[in-house]
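Notes for the one structure printed next.
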There are 2 protein chains.
Amino acid sequence: MSKRTEKTIVDIAEELELSVSTVSRALHDHPNISAKTKEKVKKMARKMGYRPNTMAAGLRNNKSKTIGLVVPRISMFFPATISTVIQNKLQEHGYNLLICQSNDSLEQEIALADTLYSARVDALAVSTTLYTTDFSHFDVFNENNIPLVFFDRVPKDYKVKVIKGDDYLGGLTVTNHLIERGCKDIVHISGPLTCNLYVERVAGYKSALQQHKIPFKKSRIFYHELTRENALQTCEKIFAQQPYPDGVFAANDTTAITILEYCRKIKLRVPEDIKIAGYSNDPRAEIITPSITSVDQCPALMGEKVAAALLELLQQSKPVQKYNEEIIPIELITRASTEGPVVKTRGKKK
Amino acid sequence: MSKRTEKTIVDIAEELELSVSTVSRALHDHPNISAKTKEKVKKMARKMGYRPNTMAAGLRNNKSKTIGLVVPRISMFFPATISTVIQNKLQEHGYNLLICQSNDSLEQEIALADTLYSARVDALAVSTTLYTTDFSHFDVFNENNIPLVFFDRVPKDYKVKVIKGDDYLGGLTVTNHLIERGCKDIVHISGPLTCNLYVERVAGYKSALQQHKIPFKKSRIFYHELTRENALQTCEKIFAQQPYPDGVFAANDTTAITILEYCRKIKLRVPEDIKIAGYSNDPRAEIITPSITSVDQCPALMGEKVAAALLELLQQSKPVQKYNEEIIPIELITRASTEGPVVKTRGKKK
DNA sequence: CCGAAAATTGCAAACGTTTGCACTATAAAT
DNA sequence: ATTTATAGTGCAAACGTTTGCAATTTTCGG
């Protein structure tokens with residue numbers, strides 16, 4: 001009812017005729033406080049409906065018990081899964097998580113870095129925008145020894161802890177798989193090369209072609225944001241003229257699904273006429289008919305690693321933060337969309 | 001390098017030989033400060049790398065510019081979509097969002113309410129656990145006039161702002177649809193009745209049966225958490241003996257998908273032998289073959305409404321908060337899994 | 001050039017905690 | 001009983017802002 005209804009430790013102290021410091025210590029189980037006093041204080045705190053004020057404590061301690069997380073979008077499968085894991089893990093350790101999304105806008109990402117620093121997050125985990133190539137908006141965290149961890153979409157040449165998937169190996173494995181299944185003309189649909197993921201997947205794709213002496217053709221690779229709309233446009237281009245490719249490696253599953261549907265529409269049989277593989281192992285890839293071969297990136301494991309890295313960096317109060325890179329393994333999940341004859345590769349057989 | 005590297009407005013004031021209050025006001029574009037001073041202060045702030053400390057401001061103002069969000073899981077389609085929208089909307093208005101997940105554990109939900117109150121969130125949005133029937137852990141928000149909005153999974157008899165889908169209508173519509181398509185023996189797989197969603201969907205299901213003079217059989221309805229594992233167990237029961245049902249209304253799409261796959265396995269044809277409908281319009285429902293009829297709950301719209309409600313309640317500084325309920329419409333999305341002859345219903349035809 | 005109004009700026013308290021240090025009471029040792 | 005160690009408690013400053021009010025400066029009409 002009344003205005004000043006919030007109880008503070010000062011109120012408890014007055015009520016109990018103790019000092020504020022004693023109350024504070026009692027509530028925190030400080031060893032110097034007698035058991036009786038602790039009991040008394042805690043009981044009174046409960047009775048008065050006392051609630052600690054994190055902001056006041058944070059100001060005093062210079063730590064907020066809050067960690068920031070910046071991802072492109074929280075509703076996409078991969079970041080959502082990772083966020084879930086991180087959130088649960090940190091929650092267990094008494095940290096709150098400020099989850100923010102950049103919507104793949106560099107401008108928003110910069111603003112978020114600013115806001116999260118102002119909130120004095122104790123640490124920050126980031127998966128960048130597709131278009132982030134300059135990382136100076138994160139400098140302030142490094143300068144102030146605030147643990148900073150990048151994952152999945154990570155910087156090049158930026159001294160910071162990095163946890164990423166093995167995208168080169170992923171690209172290589174998928175492409176090799178398609179080749180082994182008999183594909184000789186493989187289209188690759190990639191995201192923009194401003195993002196490390198796609199640079200590496202493309203590199204893997206090219207390596208695989210080279211290993212099998214298949215010439216790389218510039219016309220067989222496409223770069224754009226991997227949305228359904230863009231994928232459709234690319235389909236129009238790919239299937240505008242013969243010969244059609246006999247394999248498609250899409251750098252995400254939304255794209256792979258779109259291609260599959262397009263093929264169905266133009267009466268191309270998958271996998272008989274054309275084989276399709278995606279990336280990220282979105283739940284939809286498993287469920288569509290035919291199910292789509294994809295690359296599992298172990299999002300849960302990545303989330304664990306990110307959380308662990310954050311917690312570890314938070315431990316070591318001193319700024320020992322070493323620059324290092326952790327690679328999360330990938331696993332090829334082969335499904336119906338790439339079934340077909342396994343063709344012997346020259347020399348080494350599978 | 002050095003320890004005390006954080007710049008504060010005190011530092012700026014000293015550097016400029018101004019008072020702290022002037023600096024504070026200048027940075028906030030207070031009208032009483034001259035244009036020259038503002039310029040000078042802002043330039044110096046930039047130069048010194050000053051970053052406001054939200055915690056200090058929050059302590060003084062008694063507002064954190066942070067809003068709490070509690071959902072069962074952030075990686076599930078429906079809450080993820082809603083969270084995305086809420087987050088973006090609030091971000092636009094300068095609020096941070098503390099996203100937390102209860103993992104459908106009442107215990108965790110209680111702990112989160114506590115933590116978020118301690119963080120002095122300016123408002124709170126909640127979609128409860130499946131098992132939350134007592135809401136007293138949220139009392140403290142009401143008592144202190146902190147805007148509190150429940151959505152989707154909402155309380156009964158708790159004086160608070162509520163935004164929910166029309167689950168009764170949803171249940172009714174789906175069941176009517178199945179009946180119109182010729183089903184006469186419809187199984188309903190529901191979540192636990194501790195959650196409003198399922199109470200209402202069941203009520204809708206029963207109403208539809210009644211309207212069509214189809215007897216309700218207790219043995220044709222199942223209650224459990226709607227996971228894949230549980231769905232499989234239920235399938236075992238349903239198809240343990242003849243006669244098989246000719247329609248299934250599952251209260252979520254994960255369950256519907258599981259049933260569909262089970263039917264496929266035991267060579268039941270969908271929709272010829274049995275029709276299946278789900279709920280929530282998960283992206284997988286559209287993509288599976290046959291595609292599954294489901295109920296679109298307009299998550300984006302719900303997110304908008306929640307964000308709008310929060311912002312509105314934050315406006316009115318006075319505790320005028322009226323208890324009211326907003327209903328988000330639903331839309332039946334009919335797909336292949338329920339195709340078949342439309343049977344005339346007695347009297348009113350579609 | 002004077003005085004009053006208007007425009008700027010400064011003072012100091014407050015927000016709720018935590019914590020180093022000093023202090024008092026109690027227990028143990030002589 | 002006196003000293004010494006130990007356990008328990010209190011004082012007061014500090015964290016970085018914001019803001020009501022007072023104080024100062026500027027502007028300007030006359």
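Labeling convention for the structure tokens: chains A, B, ... as they appear, residues from 1 per chain, ligands from 1 in order of appearance.
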
Problem set entry | Surrounding residues of D:DA23 excluding itself and chain neighbours under 2 positions, 10 Å, only C-alpha atoms (C1' of nucleotides), as a PyMOL selection string | (chain C and resi 9-11) or (chain D and resi 21+25)

Convert the current residue selection to file output with N, CA and C atoms (P, O5', C5', C4', C3', O3' and C1' of nucleotides), as a PDB file, in the first residue's frame.
ATOM      1  P    DT C   9      26.625  25.734 -18.055  1.00  0.00           P
ATOM      2  O5'  DT C   9      26.796  25.475 -16.504  1.00  0.00           O
ATOM      3  C5'  DT C   9      27.611  26.360 -15.740  1.00  0.00           C
ATOM      4  C4'  DT C   9      27.442  26.072 -14.273  1.00  0.00           C
ATOM      5  C3'  DT C   9      27.950  24.702 -13.814  1.00  0.00           C
ATOM      6  O3'  DT C   9      29.146  24.896 -13.080  1.00  0.00           O
ATOM      7  C1'  DT C   9      25.944  25.374 -12.723  1.00  0.00           C
ATOM      8  P    DG C  10      29.915  23.631 -12.438  1.00  0.00           P
ATOM      9  O5'  DG C  10      29.328  23.662 -10.952  1.00  0.00           O
ATOM     10  C5'  DG C  10      29.494  24.841 -10.178  1.00  0.00           C
ATOM     11  C4'  DG C  10      29.007  24.602  -8.754  1.00  0.00           C
ATOM     12  C3'  DG C  10      29.548  23.332  -8.089  1.00  0.00           C
ATOM     13  O3'  DG C  10      29.828  23.643  -6.734  1.00  0.00           O
ATOM     14  C1'  DG C  10      27.176  23.281  -8.104  1.00  0.00           C
ATOM     15  P    DC C  11      30.612  22.566  -5.836  1.00  0.00           P
ATOM     16  O5'  DC C  11      29.648  22.388  -4.582  1.00  0.00           O
ATOM     17  C5'  DC C  11      28.550  23.252  -4.410  1.00  0.00           C
ATOM     18  C4'  DC C  11      27.711  22.796  -3.225  1.00  0.00           C
ATOM     19  C3'  DC C  11      28.262  21.645  -2.415  1.00  0.00           C
ATOM     20  O3'  DC C  11      27.877  21.830  -1.072  1.00  0.00           O
ATOM     21  C1'  DC C  11      26.231  20.989  -3.444  1.00  0.00           C
TER      22       DC C  11
ATOM     23  P    DC D  21      12.633  20.750  -3.560  1.00  0.00           P
ATOM     24  O5'  DC D  21      13.865  21.717  -3.322  1.00  0.00           O
ATOM     25  C5'  DC D  21      14.827  21.368  -2.324  1.00  0.00           C
ATOM     26  C4'  DC D  21      16.042  22.232  -2.493  1.00  0.00           C
ATOM     27  C3'  DC D  21      15.764  23.732  -2.628  1.00  0.00           C
ATOM     28  O3'  DC D  21      16.348  24.389  -1.520  1.00  0.00           O
ATOM     29  C1'  DC D  21      17.407  23.007  -4.168  1.00  0.00           C
ATOM     30  P    DT D  25      29.997  33.693 -10.009  1.00  0.00           P
ATOM     31  O5'  DT D  25      29.308  33.800 -11.439  1.00  0.00           O
ATOM     32  C5'  DT D  25      29.432  32.732 -12.365  1.00  0.00           C
ATOM     33  C4'  DT D  25      28.430  32.920 -13.481  1.00  0.00           C
ATOM     34  C3'  DT D  25      28.649  34.193 -14.318  1.00  0.00           C
ATOM     35  O3'  DT D  25      28.978  33.801 -15.638  1.00  0.00           O
ATOM     36  C1'  DT D  25      26.341  33.870 -13.774  1.00  0.00           C
TER      37       DT D  25
END

Problem set entry | Residues of chain B within 7 Å of chain A, only C-alpha atoms counted, as a PyMOL selection string | chain B and resi 51-56+58-59+74-75+80-81+84+97-99+118-120+284+287-289

Exercise. Could you pull out the alpha helix (DSSP H) residues of stretch 66-243 of chain B from DSSP and send them as an NGL selection string?
Worked result: :B and (77-92 or 106-118 or 139-143 or 167-180 or 196-211 or 228-238)

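The spacing separating atom CA of B:Val162 from atom CA of B:Val149 amounts to 5.9 Å.
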
Sort by chain and increasing residue number a table of all residues of chain C within 9 Å of chain A, each with its closest pair of atoms and their distance in Å to one decimal, counting only C-alpha atoms (C1' of nucleotides), and write it as a Markdown table.
| residue | atom | partner | partner_atom | distance |
| --- | --- | --- | --- | --- |
| C:DC15 | C1' | A:Ala56 | CA | 7.8 |
| C:DG16 | C1' | A:Ala56 | CA | 5.0 |
| C:DT17 | C1' | A:Ala57 | CA | 4.7 |
| C:DT18 | C1' | A:Arg60 | CA | 6.3 |
| C:DT19 | C1' | A:Ser21 | CA | 8.4 |

Exercise. What's the 12 Å shell around D:DC28, counting only C-alpha atoms (C1' of nucleotides), without same-chain residues fewer than 4 positions away, as a list in words?
Worked result: DC1, DC2, DG3, DA4, DA5 and DA6 of chain C

Residue selection dump (N, CA, C and O atoms (P, O5', C5', C4', C3', O3' and C1' of nucleotides)) as a short mmCIF file (atom, residue, chain, number, x, y, z; two decimals), in the first residue's frame:
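Done, and the output landed in part31.cif:
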data_model
loop_
_atom_site.label_atom_id
_atom_site.label_comp_id
_atom_site.auth_asym_id
_atom_site.auth_seq_id
_atom_site.Cartn_x
_atom_site.Cartn_y
_atom_site.Cartn_z
P DC C 1 29.32 52.06 -16.91
"O5'" DC C 1 27.89 51.99 -16.18
"C5'" DC C 1 27.54 53.06 -15.33
"C4'" DC C 1 26.34 52.63 -14.56
"C3'" DC C 1 26.54 51.36 -13.75
"O3'" DC C 1 25.84 51.51 -12.50
"C1'" DC C 1 24.76 51.05 -15.26
P DC C 2 26.02 50.51 -11.29
"O5'" DC C 2 24.49 50.18 -11.00
"C5'" DC C 2 23.54 51.25 -10.93
"C4'" DC C 2 22.16 50.66 -10.73
"C3'" DC C 2 22.14 49.43 -9.83
"O3'" DC C 2 21.06 49.55 -8.92
"C1'" DC C 2 21.26 48.88 -11.96
P DG C 3 20.87 48.43 -7.77
"O5'" DG C 3 19.72 47.54 -8.40
"C5'" DG C 3 18.52 48.18 -8.88
"C4'" DG C 3 17.61 47.14 -9.50
"C3'" DG C 3 17.46 45.89 -8.63
"O3'" DG C 3 16.09 45.51 -8.66
"C1'" DG C 3 18.32 45.29 -10.75
P DA C 4 15.52 44.33 -7.79
"O5'" DA C 4 14.85 43.43 -8.92
"C5'" DA C 4 14.06 44.06 -9.95
"C4'" DA C 4 13.82 43.05 -11.05
"C3'" DA C 4 13.44 41.65 -10.53
"O3'" DA C 4 12.45 41.11 -11.39
"C1'" DA C 4 15.39 41.51 -11.83
P DA C 5 11.64 39.83 -11.00
"O5'" DA C 5 11.82 38.96 -12.32
"C5'" DA C 5 11.68 39.60 -13.59
"C4'" DA C 5 12.44 38.78 -14.62
"C3'" DA C 5 12.13 37.27 -14.56
"O3'" DA C 5 11.88 36.82 -15.88
"C1'" DA C 5 14.47 37.64 -14.45
P DA C 6 11.45 35.33 -16.18
"O5'" DA C 6 12.79 34.77 -16.83
"C5'" DA C 6 13.46 35.55 -17.82
"C4'" DA C 6 14.74 34.85 -18.21
"C3'" DA C 6 14.60 33.33 -18.36
"O3'" DA C 6 15.27 32.96 -19.55
"C1'" DA C 6 16.35 33.84 -16.85
#

For this session: Find, counting only C-alpha atoms, the residue in A:Ile179, A:Ala13, A:Asp167, A:Pro215 that gets nearest to A:Glu200.
Result: A:Asp167

Please build the interface table for chain D against chain B with a cut-off of 10 Å, listing for each qualifying residue the nearest atom pair and the distance in Å to one decimal; count only C-alpha atoms (C1' of nucleotides), order rows by chain and increasing number, and write it as JSON lines.
{"residue": "D:DC15", "atom": "C1'", "partner": "B:Ala56", "partner_atom": "CA", "distance": 7.8}
{"residue": "D:DG16", "atom": "C1'", "partner": "B:Ala56", "partner_atom": "CA", "distance": 5.0}
{"residue": "D:DT17", "atom": "C1'", "partner": "B:Ala57", "partner_atom": "CA", "distance": 4.6}
{"residue": "D:DT18", "atom": "C1'", "partner": "B:Arg60", "partner_atom": "CA", "distance": 6.3}
{"residue": "D:DT19", "atom": "C1'", "partner": "B:Ser21", "partner_atom": "CA", "distance": 8.4}

Dump all heavy atoms for the selected residues as a compact mmCIF listing (two decimals), in the first residue's frame?
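As a result, part-v5.txt now contains:
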# COMPACT_ATOMS: atom_id res chain seq x y z
P DC D 15 35.07 4.42 -4.83
OP1 DC D 15 36.46 4.43 -5.31
OP2 DC D 15 34.31 5.68 -4.74
O5' DC D 15 34.21 3.48 -5.77
C5' DC D 15 34.08 2.08 -5.57
C4' DC D 15 32.74 1.64 -6.10
O4' DC D 15 31.80 1.62 -5.00
C3' DC D 15 32.13 2.60 -7.11
O3' DC D 15 32.52 2.21 -8.42
C2' DC D 15 30.62 2.44 -6.88
C1' DC D 15 30.51 1.77 -5.52
N1 DC D 15 29.73 2.48 -4.47
C2 DC D 15 28.77 1.78 -3.74
O2 DC D 15 28.59 0.59 -3.99
N3 DC D 15 28.06 2.45 -2.77
C4 DC D 15 28.30 3.75 -2.55
N4 DC D 15 27.58 4.35 -1.59
C5 DC D 15 29.28 4.47 -3.28
C6 DC D 15 29.97 3.80 -4.23
P DG D 16 33.11 3.34 -9.41
OP1 DG D 16 33.81 2.62 -10.49
OP2 DG D 16 33.81 4.38 -8.66
O5' DG D 16 31.80 4.00 -10.01
C5' DG D 16 30.93 3.18 -10.77
C4' DG D 16 29.65 3.95 -11.04
O4' DG D 16 29.00 4.23 -9.79
C3' DG D 16 29.88 5.30 -11.73
O3' DG D 16 28.97 5.36 -12.82
C2' DG D 16 29.55 6.32 -10.64
C1' DG D 16 28.55 5.56 -9.78
N9 DG D 16 28.49 5.96 -8.39
C8 DG D 16 29.52 6.40 -7.60
N7 DG D 16 29.15 6.67 -6.37
C5 DG D 16 27.79 6.41 -6.35
C6 DG D 16 26.84 6.53 -5.31
O6 DG D 16 27.03 6.91 -4.15
N1 DG D 16 25.56 6.15 -5.71
C2 DG D 16 25.25 5.72 -6.97
N2 DG D 16 23.97 5.39 -7.19
N3 DG D 16 26.12 5.61 -7.97
C4 DG D 16 27.36 5.96 -7.59
P DT D 17 28.95 6.54 -13.87
OP1 DT D 17 29.25 6.03 -15.19
OP2 DT D 17 29.74 7.67 -13.34
O5' DT D 17 27.41 6.91 -13.90
C5' DT D 17 26.90 7.64 -12.89
C4' DT D 17 25.51 7.23 -12.59
O4' DT D 17 25.48 6.97 -11.19
C3' DT D 17 24.56 8.38 -12.87
O3' DT D 17 23.56 7.96 -13.77
C2' DT D 17 23.95 8.72 -11.53
C1' DT D 17 24.57 7.78 -10.53
N1 DT D 17 25.31 8.45 -9.42
C2 DT D 17 24.63 8.74 -8.27
O2 DT D 17 23.44 8.49 -8.11
N3 DT D 17 25.37 9.36 -7.30
C4 DT D 17 26.71 9.69 -7.36
O4 DT D 17 27.26 10.24 -6.42
C5 DT D 17 27.36 9.37 -8.61
C7 DT D 17 28.81 9.68 -8.77
C6 DT D 17 26.64 8.76 -9.56
P DT D 18 22.69 9.15 -14.42
OP1 DT D 18 21.83 8.49 -15.42
OP2 DT D 18 23.57 10.26 -14.81
O5' DT D 18 21.76 9.67 -13.22
C5' DT D 18 20.72 8.84 -12.75
C4' DT D 18 19.95 9.55 -11.67
O4' DT D 18 20.84 9.93 -10.59
C3' DT D 18 19.25 10.84 -12.12
O3' DT D 18 17.94 10.76 -11.56
C2' DT D 18 20.08 11.95 -11.48
C1' DT D 18 20.58 11.27 -10.22
N1 DT D 18 21.86 11.76 -9.63
C2 DT D 18 21.91 12.03 -8.29
O2 DT D 18 20.94 11.93 -7.55
N3 DT D 18 23.15 12.43 -7.82
C4 DT D 18 24.31 12.56 -8.55
O4 DT D 18 25.34 12.92 -8.01
C5 DT D 18 24.18 12.27 -9.96
C7 DT D 18 25.38 12.41 -10.84
C6 DT D 18 22.99 11.89 -10.43
P DT D 19 16.79 11.69 -12.11
OP1 DT D 19 15.56 10.88 -12.08
OP2 DT D 19 17.26 12.33 -13.36
O5' DT D 19 16.68 12.81 -10.98
C5' DT D 19 16.41 12.41 -9.64
C4' DT D 19 16.49 13.64 -8.75
O4' DT D 19 17.87 13.90 -8.41
C3' DT D 19 15.96 14.94 -9.37
O3' DT D 19 15.21 15.63 -8.39
C2' DT D 19 17.21 15.69 -9.74
C1' DT D 19 18.13 15.27 -8.60
N1 DT D 19 19.59 15.40 -8.83
C2 DT D 19 20.42 15.55 -7.74
O2 DT D 19 20.02 15.57 -6.59
N3 DT D 19 21.76 15.65 -8.05
C4 DT D 19 22.32 15.63 -9.30
O4 DT D 19 23.53 15.73 -9.45
C5 DT D 19 21.40 15.48 -10.40
C7 DT D 19 21.91 15.45 -11.81
C6 DT D 19 20.09 15.38 -10.12

Exercise. Could you pull out all residues of stretch 49-177 of chain A with a DSSP call of strand (DSSP E or B) and give them as a ChimeraX atom specification?
Worked result: /A:66-71,96-101,123-126,148-151,161-165

Take the residues that were just selected and, keeping N, CA and C atoms, output them as an mmCIF file, in the first residue's frame.
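Below is the file out-v4.cif, written as the result:
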data_model
loop_
_atom_site.group_PDB
_atom_site.id
_atom_site.type_symbol
_atom_site.label_atom_id
_atom_site.label_comp_id
_atom_site.auth_asym_id
_atom_site.auth_seq_id
_atom_site.Cartn_x
_atom_site.Cartn_y
_atom_site.Cartn_z
ATOM 1 N N THR A 66 25.593 -11.315 -14.058
ATOM 2 C CA THR A 66 24.838 -11.427 -15.299
ATOM 3 C C THR A 66 25.824 -11.607 -16.446
ATOM 4 N N ILE A 67 25.449 -12.447 -17.374
ATOM 5 C CA ILE A 67 26.307 -12.687 -18.528
ATOM 6 C C ILE A 67 25.523 -12.358 -19.783
ATOM 7 N N GLY A 68 26.185 -11.778 -20.737
ATOM 8 C CA GLY A 68 25.513 -11.393 -21.975
ATOM 9 C C GLY A 68 25.680 -12.456 -23.047
ATOM 10 N N LEU A 69 24.667 -12.597 -23.871
ATOM 11 C CA LEU A 69 24.743 -13.516 -25.005
ATOM 12 C C LEU A 69 24.184 -12.803 -26.230
ATOM 13 N N VAL A 70 24.976 -12.743 -27.260
ATOM 14 C CA VAL A 70 24.514 -12.097 -28.493
ATOM 15 C C VAL A 70 24.513 -13.119 -29.616
ATOM 16 N N VAL A 71 23.367 -13.364 -30.181
ATOM 17 C CA VAL A 71 23.263 -14.290 -31.308
ATOM 18 C C VAL A 71 22.472 -13.604 -32.421
ATOM 19 N N ASN A 96 22.665 -14.933 -14.296
ATOM 20 C CA ASN A 96 21.567 -14.644 -15.214
ATOM 21 C C ASN A 96 22.128 -14.437 -16.603
ATOM 22 N N LEU A 97 21.283 -14.640 -17.588
ATOM 23 C CA LEU A 97 21.745 -14.486 -18.954
ATOM 24 C C LEU A 97 20.912 -13.434 -19.674
ATOM 25 N N LEU A 98 21.582 -12.426 -20.173
ATOM 26 C CA LEU A 98 20.893 -11.429 -20.994
ATOM 27 C C LEU A 98 21.036 -11.879 -22.433
ATOM 28 N N ILE A 99 19.965 -12.427 -22.975
ATOM 29 C CA ILE A 99 20.023 -12.931 -24.341
ATOM 30 C C ILE A 99 19.576 -11.845 -25.306
ATOM 31 N N CYS A 100 20.395 -11.549 -26.270
ATOM 32 C CA CYS A 100 20.063 -10.502 -27.230
ATOM 33 C C CYS A 100 20.260 -11.021 -28.642
ATOM 34 N N GLN A 101 19.504 -10.501 -29.575
ATOM 35 C CA GLN A 101 19.696 -10.918 -30.955
ATOM 36 C C GLN A 101 20.036 -9.714 -31.837
ATOM 37 N N ALA A 123 30.566 -11.318 -18.173
ATOM 38 C CA ALA A 123 31.200 -12.001 -19.287
ATOM 39 C C ALA A 123 30.268 -11.886 -20.484
ATOM 40 N N LEU A 124 30.812 -12.193 -21.665
ATOM 41 C CA LEU A 124 30.002 -12.066 -22.873
ATOM 42 C C LEU A 124 30.310 -13.198 -23.838
ATOM 43 N N ALA A 125 29.246 -13.776 -24.384
ATOM 44 C CA ALA A 125 29.409 -14.793 -25.420
ATOM 45 C C ALA A 125 28.734 -14.290 -26.677
ATOM 46 N N VAL A 126 29.400 -14.457 -27.805
ATOM 47 C CA VAL A 126 28.900 -13.870 -29.046
ATOM 48 C C VAL A 126 29.003 -14.835 -30.214
ATOM 49 N N LEU A 148 35.458 -12.932 -22.690
ATOM 50 C CA LEU A 148 34.772 -12.783 -23.970
ATOM 51 C C LEU A 148 34.964 -14.070 -24.760
ATOM 52 N N VAL A 149 33.860 -14.683 -25.128
ATOM 53 C CA VAL A 149 33.942 -15.948 -25.852
ATOM 54 C C VAL A 149 33.129 -15.850 -27.137
ATOM 55 N N PHE A 150 33.736 -16.209 -28.225
ATOM 56 C CA PHE A 150 33.004 -16.249 -29.493
ATOM 57 C C PHE A 150 32.735 -17.702 -29.852
ATOM 58 N N PHE A 151 31.575 -17.940 -30.461
ATOM 59 C CA PHE A 151 31.296 -19.311 -30.876
ATOM 60 C C PHE A 151 30.585 -19.348 -32.220
ATOM 61 N N LYS A 161 38.969 -15.951 -27.059
ATOM 62 C CA LYS A 161 38.614 -17.360 -26.953
ATOM 63 C C LYS A 161 37.558 -17.698 -28.010
ATOM 64 N N VAL A 162 37.784 -18.779 -28.713
ATOM 65 C CA VAL A 162 36.902 -19.143 -29.818
ATOM 66 C C VAL A 162 36.480 -20.602 -29.713
ATOM 67 N N ILE A 163 35.207 -20.835 -29.893
ATOM 68 C CA ILE A 163 34.705 -22.209 -29.930
ATOM 69 C C ILE A 163 33.895 -22.369 -31.204
ATOM 70 N N LYS A 164 34.347 -23.248 -32.068
ATOM 71 C CA LYS A 164 33.710 -23.327 -33.378
ATOM 72 C C LYS A 164 33.587 -24.762 -33.860
ATOM 73 N N GLY A 165 32.731 -24.935 -34.841
ATOM 74 C CA GLY A 165 32.614 -26.244 -35.443
ATOM 75 C C GLY A 165 33.709 -26.427 -36.486
#

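Here atom CA of B:Lys156 and atom CA of B:Asn252 stand 21.6 Å from one another.
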
For this session: Give me, please, the distance in Å between atom CA of A:Arg228 and atom CA of A:Thr254, quoted to one decimal.
Result: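 It comes out at 6.3 Å.
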
For this session: Could you tell me which of A:Ile327, A:Leu232, A:Ala240, A:Gly247 comes closest to A:Val187 if we count only C-alpha atoms?
Result: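 The answer is A:Gly247, which sits nearest to A:Val187.
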
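Between A:Gln297 and the residues A:Leu260, A:Glu109, A:Val154, A:Gly278, the shortest atom-to-atom distance, using only C-alpha atoms, involves A:Gly278.
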